[in-house]
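Here is the file model-v2.csv (CSV, C-alpha atoms and all ligand atoms).
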```
chain,number,residue,atom,x,y,z
R,99,MET,CA,36.0,92.0,91.6
R,100,ASN,CA,36.6,93.9,88.4
R,101,THR,CA,39.2,93.1,85.8
R,102,TYR,CA,41.6,95.8,87.0
R,103,ASN,CA,41.6,94.4,90.6
R,104,GLN,CA,41.9,90.9,89.3
R,105,ASN,CA,45.0,91.8,87.4
R,106,LYS,CA,46.4,93.6,90.4
R,107,LEU,CA,45.8,90.5,92.5
R,108,HIS,CA,47.5,88.3,90.0
R,109,LYS,CA,50.5,90.6,89.8
R,110,ARG,CA,50.7,90.8,93.6
R,111,LEU,CA,50.8,87.0,93.9
R,112,ARG,CA,53.3,86.7,91.1
R,113,ARG,CA,55.5,89.5,92.6
R,114,LEU,CA,55.5,88.1,96.1
R,115,THR,CA,56.2,84.6,94.9
R,116,GLY,CA,59.0,85.8,92.8
R,117,GLU,CA,60.4,87.7,95.8
R,118,ALA,CA,60.3,84.7,98.1
R,119,ILE,CA,61.9,82.6,95.4
R,120,ALA,CA,64.7,85.1,95.0
R,121,ASP,CA,65.2,85.8,98.8
R,122,PHE,CA,65.6,82.1,99.6
R,123,ASN,CA,67.2,81.0,96.3
R,124,MET,CA,64.4,78.5,96.0
R,125,ILE,CA,64.7,77.8,92.2
R,126,GLU,CA,68.0,77.5,90.4
R,127,GLU,CA,69.1,76.8,86.8
R,128,GLY,CA,68.2,73.3,85.8
R,129,ASP,CA,65.9,72.5,88.7
R,130,ARG,CA,63.2,70.0,88.3
R,131,ILE,CA,60.5,71.1,90.8
R,132,MET,CA,57.9,68.6,92.0
R,133,VAL,CA,54.8,70.6,92.8
R,134,CYS,CA,52.6,68.8,95.4
R,135,LEU,CA,49.0,69.2,94.4
R,136,SER,CA,46.3,68.3,97.0
R,137,GLY,CA,43.3,69.8,95.1
R,138,GLY,CA,43.0,72.7,97.6
R,139,LYS,CA,43.1,76.4,96.8
R,140,ASP,CA,46.7,76.8,97.9
R,141,SER,CA,48.3,74.1,95.8
R,142,TYR,CA,46.3,75.1,92.7
R,143,THR,CA,47.5,78.7,93.1
R,144,LEU,CA,51.1,77.6,93.6
R,145,LEU,CA,51.1,75.5,90.4
R,146,ASP,CA,49.4,78.3,88.5
R,147,ILE,CA,51.8,81.0,89.6
R,148,LEU,CA,54.9,78.8,89.0
R,149,ILE,CA,53.7,78.0,85.5
R,150,ASN,CA,53.3,81.7,84.9
R,151,LEU,CA,56.7,82.6,86.4
R,152,LYS,CA,58.4,79.9,84.4
R,153,ILE,CA,57.6,81.8,81.2
R,154,SER,CA,59.6,84.8,82.1
R,155,ALA,CA,62.0,83.5,84.7
R,156,PRO,CA,65.7,84.3,84.3
R,157,VAL,CA,66.6,80.6,84.9
R,158,GLN,CA,65.4,77.4,83.1
R,159,PHE,CA,63.5,74.9,85.3
R,160,GLU,CA,61.0,72.1,84.9
R,161,LEU,CA,57.7,71.5,86.7
R,162,VAL,CA,56.1,68.2,87.4
R,163,ALA,CA,52.8,68.2,89.4
R,164,VAL,CA,52.2,65.3,91.7
R,165,ASN,CA,49.0,64.3,93.5
R,166,LEU,CA,48.7,61.6,96.1
R,167,ASP,CA,45.4,59.8,95.9
R,168,GLN,CA,45.1,58.5,99.4
R,169,LYS,CA,42.0,56.5,98.6
R,170,GLN,CA,39.7,58.5,100.8
R,171,PRO,CA,36.0,57.7,100.3
R,172,GLY,CA,34.5,59.9,97.7
R,173,PHE,CA,37.8,61.2,96.3
R,174,PRO,CA,36.9,62.4,92.8
R,175,GLU,CA,39.8,60.6,90.9
R,176,HIS,CA,39.0,62.3,87.6
R,177,VAL,CA,39.3,65.9,88.7
R,178,LEU,CA,43.0,66.5,88.9
R,179,PRO,CA,44.0,64.4,85.8
R,180,GLN,CA,41.4,66.3,83.8
R,181,TYR,CA,42.7,69.7,85.1
R,182,LEU,CA,46.4,68.8,84.5
R,183,GLU,CA,45.7,67.5,81.0
R,184,SER,CA,44.0,70.8,80.2
R,185,LEU,CA,47.2,72.6,81.3
R,186,GLY,CA,49.4,70.3,79.2
R,187,ILE,CA,52.0,69.9,81.9
R,188,GLU,CA,53.9,66.8,83.1
R,189,TYR,CA,52.1,65.2,86.1
R,190,LYS,CA,51.9,62.0,88.1
R,191,ILE,CA,49.0,60.7,90.2
R,192,VAL,CA,50.3,58.4,92.9
R,193,GLN,CA,47.8,55.9,94.3
R,194,GLU,CA,48.4,54.6,97.8
R,195,ASN,CA,45.7,53.5,100.3
R,196,THR,CA,47.0,55.5,103.3
R,197,TYR,CA,43.4,56.0,104.4
R,198,GLY,CA,43.0,52.2,104.9
R,199,ILE,CA,46.3,52.0,106.8
R,200,VAL,CA,45.3,54.9,109.1
R,201,LYS,CA,41.9,53.5,109.7
R,202,GLU,CA,43.4,50.1,110.6
R,203,LYS,CA,46.1,51.4,112.9
R,204,ILE,CA,44.4,54.3,114.7
R,205,PRO,CA,41.5,53.5,117.1
R,206,GLU,CA,38.2,55.2,116.3
R,207,GLY,CA,37.9,58.7,117.8
R,208,LYS,CA,41.7,59.3,118.0
R,209,THR,CA,43.5,61.8,115.8
R,210,THR,CA,44.7,60.4,112.5
R,211,CYS,CA,46.6,63.3,111.1
R,212,SER,CA,50.0,62.5,112.5
R,213,LEU,CA,50.3,59.0,111.0
R,214,CYS,CA,48.6,60.1,107.8
R,215,SER,CA,51.1,63.0,107.3
R,216,ARG,CA,54.1,60.7,108.1
R,217,LEU,CA,52.9,58.2,105.5
R,218,ARG,CA,52.2,60.9,102.9
R,219,ARG,CA,55.6,62.5,103.5
R,220,GLY,CA,57.4,59.2,102.9
R,221,ILE,CA,55.5,58.6,99.7
R,222,LEU,CA,56.1,62.1,98.4
R,223,TYR,CA,59.9,61.8,99.1
R,224,ARG,CA,60.0,58.5,97.3
R,225,THR,CA,58.1,59.9,94.4
R,226,ALA,CA,60.5,62.9,94.2
R,227,THR,CA,63.4,60.5,94.0
R,228,GLU,CA,61.6,58.4,91.3
R,229,LEU,CA,60.9,61.5,89.2
R,230,GLY,CA,64.4,62.9,89.6
R,231,ALA,CA,63.0,66.0,91.2
R,232,THR,CA,65.6,68.4,92.7
R,233,LYS,CA,63.1,70.3,94.9
R,234,ILE,CA,59.7,69.7,96.3
R,235,ALA,CA,57.3,72.7,96.3
R,236,LEU,CA,54.5,73.0,98.8
R,237,GLY,CA,51.6,75.4,98.9
R,238,HIS,CA,51.9,76.8,102.4
R,239,HIS,CA,51.5,80.6,102.6
R,240,ARG,CA,52.2,83.5,105.0
R,241,ASP,CA,49.3,82.7,107.3
R,242,ASP,CA,50.3,79.1,107.6
R,243,ILE,CA,53.7,80.3,108.7
R,244,LEU,CA,52.3,82.7,111.3
R,245,GLU,CA,49.8,80.1,112.6
R,246,THR,CA,52.6,77.6,113.1
R,247,LEU,CA,54.7,80.2,114.9
R,248,PHE,CA,51.9,80.8,117.4
R,249,LEU,CA,51.0,77.1,117.7
R,250,ASN,CA,54.6,76.4,118.6
R,251,MET,CA,54.7,79.3,121.0
R,252,PHE,CA,51.3,78.7,122.7
R,253,TYR,CA,51.3,74.9,122.9
R,254,GLY,CA,55.0,73.9,122.3
R,255,GLY,CA,57.0,76.5,124.2
R,256,LYS,CA,59.1,77.1,121.1
R,257,LEU,CA,59.9,80.1,119.0
R,258,LYS,CA,59.6,78.3,115.7
R,259,ALA,CA,57.6,78.8,112.5
R,260,MET,CA,57.6,77.0,109.2
R,261,PRO,CA,60.6,77.6,107.0
R,262,PRO,CA,60.2,78.8,103.4
R,263,LYS,CA,63.1,76.5,102.4
R,264,LEU,CA,64.5,73.5,104.3
R,265,MET,CA,66.4,70.3,103.9
R,266,ASN,CA,64.6,67.1,105.0
R,267,ASP,CA,66.0,65.0,107.8
R,268,SER,CA,67.8,62.6,105.6
R,269,GLY,CA,69.5,65.4,103.6
R,270,GLU,CA,68.1,64.1,100.3
R,271,HIS,CA,65.3,66.5,99.6
R,272,ILE,CA,65.0,70.3,99.5
R,273,ILE,CA,61.5,71.5,100.3
R,274,ILE,CA,60.4,75.0,99.2
R,275,ARG,CA,57.4,77.1,99.9
R,276,PRO,CA,57.2,79.7,97.2
R,277,LEU,CA,53.9,81.2,98.5
R,278,ALA,CA,55.6,82.1,101.8
R,279,TYR,CA,55.0,85.8,101.4
R,280,CYS,CA,51.4,85.5,100.0
R,281,LYS,CA,48.3,86.2,102.1
R,282,GLU,CA,45.7,83.4,102.4
R,283,LYS,CA,43.0,85.9,101.6
R,284,ASP,CA,44.6,86.8,98.3
R,285,ILE,CA,45.0,83.1,97.5
R,286,ALA,CA,41.4,82.4,98.3
R,287,LYS,CA,40.2,85.2,96.0
R,288,TYR,CA,42.5,84.1,93.2
R,289,ALA,CA,41.3,80.5,93.5
R,290,GLU,CA,37.7,81.8,93.2
R,291,ILE,CA,38.5,83.9,90.2
R,292,LYS,CA,40.3,81.1,88.4
R,293,GLN,CA,37.6,78.7,89.4
R,294,PHE,CA,40.0,75.9,90.2
R,295,PRO,CA,38.2,72.6,90.6
R,296,ILE,CA,38.7,72.4,94.4
R,297,ILE,CA,38.5,69.0,96.1
R,298,PRO,CA,37.1,69.2,99.6
R,299,CYS,CA,39.7,68.5,102.3
R,300,ASN,CA,37.5,66.7,104.8
R,301,LEU,CA,37.0,63.5,102.9
R,302,CYS,CA,39.0,61.5,105.5
R,303,GLY,CA,36.4,62.4,108.1
R,304,SER,CA,39.1,63.8,110.5
R,305,GLN,CA,38.1,66.7,112.7
R,306,PRO,CA,40.0,70.0,111.9
R,307,ASN,CA,42.8,70.8,114.3
R,308,LEU,CA,41.1,72.8,117.0
R,309,GLN,CA,44.3,74.5,118.3
R,310,ARG,CA,45.1,75.7,114.8
R,311,GLN,CA,41.5,76.9,114.4
R,312,VAL,CA,41.8,78.9,117.6
R,313,ILE,CA,45.0,80.6,116.4
R,314,LYS,CA,43.5,81.3,113.0
R,315,GLU,CA,40.5,83.0,114.6
R,316,MET,CA,42.9,85.0,116.9
R,317,LEU,CA,44.9,86.2,113.9
R,318,ASN,CA,41.8,87.0,111.8
R,319,ASP,CA,40.5,89.0,114.8
R,320,TRP,CA,43.7,91.0,115.1
R,321,ASP,CA,43.7,91.6,111.4
R,322,LYS,CA,40.3,93.2,111.7
R,323,LYS,CA,41.1,95.3,114.8
R,324,PHE,CA,44.7,96.2,114.0
R,325,PRO,CA,45.2,96.5,110.2
R,326,GLY,CA,48.9,95.9,109.4
R,327,ARG,CA,49.6,93.8,112.5
R,328,ILE,CA,49.9,90.5,110.5
R,329,GLU,CA,52.3,92.1,108.1
R,330,THR,CA,54.4,93.5,111.0
R,331,MET,CA,54.4,90.1,112.7
R,332,PHE,CA,55.5,88.4,109.6
R,333,ARG,CA,58.3,90.9,109.2
R,334,ALA,CA,59.4,90.0,112.8
R,335,THR,CA,60.1,86.5,111.6
R,336,GLN,CA,62.7,88.0,109.2
R,337,ASN,CA,64.2,90.4,111.7
R,338,ILE,CA,65.5,88.4,114.7
R,339,THR,CA,67.8,89.7,117.4
R,340,LEU,CA,69.2,86.6,119.1
R,341,SER,CA,71.1,88.7,121.7
R,342,HIS,CA,67.7,90.0,122.9
R,343,LEU,CA,66.0,86.6,123.4
R,344,CYS,CA,66.9,84.0,126.0
R,345,ASP,CA,68.3,81.0,124.2
R,346,THR,CA,71.7,80.3,125.6
R,347,ASN,CA,72.4,77.7,122.9
R,348,LEU,CA,72.1,80.4,120.2
R,349,TYR,CA,73.7,83.3,121.9
R,350,ASP,CA,76.8,83.3,124.1
R,351,PHE,CA,75.4,85.2,127.0
R,352,LYS,CA,77.9,83.6,129.4
R,353,GLY,CA,80.7,84.9,127.3
R,354,ILE,CA,79.7,88.6,127.6
R,355,LYS,CA,82.6,90.4,129.2
R,356,LYS,CA,83.2,94.0,130.3
R,357,GLY,CA,84.6,96.0,127.4
R,358,ASP,CA,82.5,94.1,124.7
R,359,ILE,CA,81.1,96.4,122.1
R,360,ASP,CA,77.3,96.8,121.9
R,361,VAL,CA,75.7,94.2,119.6
R,362,ASN,CA,72.4,94.4,117.7
R,363,GLY,CA,71.5,97.9,118.6
R,364,GLY,CA,71.1,97.0,122.1
R,365,ASP,CA,71.6,98.8,125.3
R,366,LEU,CA,68.0,99.2,126.3
R,367,ALA,CA,68.5,97.8,129.8
R,368,PHE,CA,67.2,100.9,131.4
R,369,ASP,CA,65.0,102.3,128.6
R,370,ARG,CA,61.6,101.5,127.2
R,371,GLU,CA,61.7,100.9,123.5
R,372,ASP,CA,60.0,103.4,121.2
R,373,LEU,CA,57.2,101.7,119.4
R,374,PRO,CA,55.5,103.3,116.4
R,375,PRO,CA,51.9,104.2,117.2
R,376,MET,CA,49.3,101.8,115.9
R,377,MET,CA,47.3,103.4,113.2
R,378,GLY,CA,44.0,102.9,111.5
R,379,PHE,CA,41.7,101.5,114.2
R,380,ASP,CA,39.4,102.7,116.9
R,381,ALA,CA,40.7,102.0,120.4
R,382,SER,CA,37.2,102.1,121.8
R,383,GLU,CA,36.6,98.8,119.9
R,384,LEU,CA,39.3,96.9,121.8
R,385,ASP,CA,38.5,94.3,124.4
R,386,ASP,CA,40.1,94.6,127.8
R,387,GLN,CA,43.2,92.6,127.2
R,388,ASP,CA,44.0,94.3,123.9
R,389,LEU,CA,43.3,97.7,125.5
R,390,ILE,CA,45.9,97.0,128.2
R,391,LEU,CA,48.4,96.0,125.5
R,392,TRP,CA,47.6,99.1,123.4
R,393,LYS,CA,48.0,101.4,126.4
R,394,GLU,CA,51.3,99.9,127.3
R,395,ALA,CA,52.6,100.4,123.7
R,396,ASN,CA,51.5,104.0,123.5
O,1,LIG,S1,43.0,65.8,107.7
O,1,LIG,FE1,42.8,63.7,106.9
O,1,LIG,S2,44.0,63.7,105.1
O,1,LIG,FE2,44.6,65.5,106.2
O,1,LIG,S3,46.4,64.8,107.4
O,1,LIG,FE3,44.6,64.5,108.7
O,1,LIG,S4,43.9,62.4,108.4
O,1,LIG,FE4,45.3,63.0,106.7
```
Output the file's structure in the form of structure tokens.
Amino acid sequence: MNTYNQNKLHKRLRRLTGEAIADFNMIEEGDRIMVCLSGGKDSYTLLDILINLKISAPVQFELVAVNLDQKQPGFPEHVLPQYLESLGIEYKIVQENTYGIVKEKIPEGKTTCSLCSRLRRGILYRTATELGATKIALGHHRDDILETLFLNMFYGGKLKAMPPKLMNDSGEHIIIRPLAYCKEKDIAKYAEIKQFPIIPCNLCGSQPNLQRQVIKEMLNDWDKKFPGRIETMFRATQNITLSHLCDTNLYDFKGIKKGDIDVNGGDLAFDREDLPPMMGFDASELDDQDLILWKEAN
């Protein structure tokens, strides 16, 4: 990638992160943000972009990077301290042998991620309190959000994604995801250009989540066949019409009475909605199922 495109990529990531921060009021005057750094491309990019935005942000805030060393075999302990020293920013490495606990409690061959994540979450919340952090920043991006949406839909029967900002269950910690609008592909390219010292994520020996892998491949496949579909789907998560879904807890369908005025653009009971034509792909390349959907939409 030439320098011009590298600058464009950096500006795009900065702009999209800034937009997400503003849209969700993620960072406020005087905030002390604990940035969780795993050693993967996403969290390195998050920290890098936040450091960059801090210089010109209209509000004053502090950053403190935190890594949890879970004592997985082969974890290169020196990598993150060296990198963070070179940045000259405040940081803390928390050492807790969650790997040992997980190995002791979970029988061989069973999935370890759920206990591991619960332990990690508890330690990170405790660390945020100790550090006086007002918010906890995580490196999840747009593709993580969409994958979660489909995982919940396909396997959980829920229309639920991953929020860019949320309060934890105890009401003590606000979690933010400033990369919520950024594409994984952009982050991967950026991490490569910046040559972040990536720490492999399979040190625990756990198998990757196969369901998530299937969804990832499905989305990547769509992205190739239907350029723009991922963007449109993400926009859909920001443009919800509760009166046109079926959740009786969120919309008062029972209370609809004769004489009520139309809500949310909606008397389509007898019509088919107009959908914009899908552009930029060759319909002859579609497989059978996609072809049926495409014909229905056009
Ligand atoms: S992949 Fe390994 S480190 Fe990550 S949550 Fe699962 S068990 Fe924990």
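For the atom pair formed by atom CA of R:Cys344 and atom CA of R:Thr330, the distance is 21.7 Å, given to one decimal.
Counting all atoms listed in the file, the residue from R:Ile204, R:Ile234, R:Val157, R:Leu264 that sits nearest to ligand LIG 1 (chain O) is R:Ile204.
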Which residues form the shell of 7 Å around ligand LIG 1 (chain O) when you count all atoms listed in the file, given as a compact mmCIF listing (two decimals) with C-alpha atoms, keeping the file's coordinate frame?
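Output (pocket.txt):
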```
# COMPACT_ATOMS: atom_id res chain seq x y z
CA THR R 210 44.70 60.40 112.50
CA CYS R 211 46.60 63.30 111.10
CA SER R 212 50.00 62.50 112.50
CA CYS R 214 48.60 60.10 107.80
CA SER R 215 51.10 63.00 107.30
CA CYS R 299 39.70 68.50 102.30
CA ASN R 300 37.50 66.70 104.80
CA CYS R 302 39.00 61.50 105.50
CA GLY R 303 36.40 62.40 108.10
CA SER R 304 39.10 63.80 110.50
CA PRO R 306 40.00 70.00 111.90
```
* **R:Met265 surroundings by only C-alpha atoms, 12 Å radius, close-in-sequence under 4 positions cut, as JSON, numbers by chain** => {"R": [124, 223, 232, 233, 234, 261, 269, 270, 271, 272, 273, 274, 275]}
* If we count only C-alpha atoms, what is near R:His238 at a cut-off of 10 Å, once residues fewer than 4 positions away on the same chain are taken out, given as number ranges by chain? -> R: 140-141, 144, 242-243, 260-262, 274-280, 282
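A straight line drawn from atom CA of R:Glu315 to atom CA of R:Cys134 is 26.8 Å long.
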* Measuring atom to atom with all atoms listed in the file, identify which of R:Asp284, R:Glu245, R:Glu188, R:Asp267 is nearest to R:Asn103. => R:Asp284
* Structure fact -> Separating atom CA of R:Ala286 from atom CA of R:Leu217, to the nearest tenth of an Å, is a gap of 27.7 Å
* **Near-R:Glu290 list (12 Å; only C-alpha atoms; drop same-chain fewer than 2 positions) as a PyMOL selection string** => chain R and resi 99+104+107+138-140+142-143+283-288+292-296
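The shell of residues at most 8 Å from stretch 351-355 of chain R, with all atoms listed in the file counted and near chain neighbours (fewer than 3 positions) removed, consists of Ser341, Thr346 and Asp358 of chain R.
Proximity of R:Arg216, R:Ile291, R:Arg240, R:Asp345 to R:Thr101, computed with all atoms listed in the file, is greatest for R:Ile291.
Closest approach to R:Ala334 from the set R:Ala235, R:Leu151, R:Ile313, R:Leu257 is made by R:Leu257, with distances taken over all atoms listed in the file.
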* Hey, which of R:Leu244, R:Leu213, R:Ala289, R:Leu148 ends up closest to R:Met316? Count only C-alpha atoms. -> R:Leu244
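Around R:Glu175, within 10 Å and counting all atoms listed in the file, the residues found are Asp167, Lys169, Gln180, Ile191, Gln193 and Ile297 of chain R, once anything fewer than 5 positions away on its own chain is removed.
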